[in-house]
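Following: one structure in structure tokens, then a few remarks.
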Amino acid sequence: MVSMEIRDLEAFLAVMSTGSITGAARLLDRSQSQVTRLIQDLETTLGFALFERNGPKIAPTEKGIAFHDDAERFVSGIGHLRDRAKAIAGREPEPIEIAATPAFASGIIPLALAQLPEDCLPRTINLRSMPAEAAVQSVLARTADFCVTSLPADQPGLEVQGFFEGPCVAALAPHDPLAARDVVSLADLAGRTLVTMANPFRLRHRVDQALEAAKVRPDRVIATNAAMNAVQIASTGLGVAIIEPATAYGMQAPSVAIRPLDVDIPFLWAIFSAGARPLSTGAHELIQRIMQIATERMPRLTVHDARRIARIADAAFARPNHPDTAPENEGRITEVPENEN
């Protein structure tokens, strides 16, 4: 079994963050030779090189890059464990660790945190924005108390705290002629630039299905990895974005107009915790506030029975589009699916 020292992992993460041994040494308050030795010890333990060295320059190897996320989660988990131990010893509210997709981490969750009663607020709250898949894994790995994420998501080992569905909306510049309408029709997007998500296995495939059913072909498609990017692009007037309601109503950016669509493009999301792991009072209260704010801010939000999550999600994702079958009119794409909402 591989045995790794925490200080070795911390040295590795410091070098990855700063891009140099010198920077890592300053960050860790160690000498450069000490940091070099820690990295070498870790490489010996792992059995592969983490960095390529060319004189004073250092760059991560492919294996080093692949190892980085797991190392970061592990070290973060150790820090979280230390915080919990301190809270238990001092009889303070336990730290809250939240993993969420960008759509929720940037909007609804901060609003919910602001409403937490003082006696539920611990000294440490960690809110990490990450891809949906990583958020679920954080809960399963016990480095997060709960996650707020879009579906689909693996169910084994997860306890559903809440399961919701809301319709997607259009985001467009206030001066766009369509902003004068109460409802934007998909037919109005024909010949326009459409801004949408990049990942073909999540929200994107439902948008493509709706366009296909309506026989609508945009002139150009700009695909991005986060809804906030789509909102920013739409605010310039370059195109019309189809986004999920969490970003649309959680952020409420004044530079864009949000309008309902004439067709239902469902956005499914849920709050998960680890099965058989009790939530702290603060975490439980925060989940209740998230659900309350989502209900207040998202029009036509449906609260589903958690027991039906597998059936409803399977039905919604029954026909995912393969990248090879994307619409012929698809144009320039910026795809970074690891941060997809």
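Every chain in the structure tokens takes a letter, A first, then B, and so on in the order presented; its residues are numbered from 1, and the ligands are numbered from 1 following the presented order.
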
Within 8 Å of segment 125-139 of chain A, counting only C-alpha atoms, which residues qualify if same-chain residues fewer than 3 places away don't, as number ranges by chain?
A: 73, 95-102, 105, 122, 142-151, 153-154, 158, 272-274, 337-341

Near-Pro245 of chain A list (8 Å; only C-alpha atoms; drop same-chain fewer than 4 positions) as number ranges by chain:
A: 166-169, 249-250, 267, 298

Report, in Å to a single decimal, how far apart atom CA of Ala170 of chain A and atom CA of Pro200 of chain A are.
18.8 Å

Within 10 Å of Val75 of chain A using only C-alpha atoms, minus same-chain residues under 6 positions, as a list in words
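Final neighbour list, sorted by chain and number: Ile6, Arg7, Leu9, Glu10, Leu13, Leu81 and Thr143 of chain A.
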
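Counting only C-alpha atoms and comparing A:Ser185, A:Ser31, A:Thr247, A:Thr281, the residue that lies closest to Ala210 of chain A is A:Ser185.
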
Find, counting only C-alpha atoms, the residue in A:Val195, A:Ala246, A:Ala112, A:Leu186 that gets nearest to Val221 of chain A.
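Of A:Val195, A:Ala246, A:Ala112, A:Leu186, the one nearest Val221 of chain A, counting only C-alpha atoms, is A:Val195.
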
Which one is closest to Val160 of chain A: A:Ala270, A:Val35, A:Ala213, A:Met4? Count only C-alpha atoms.
A:Ala270
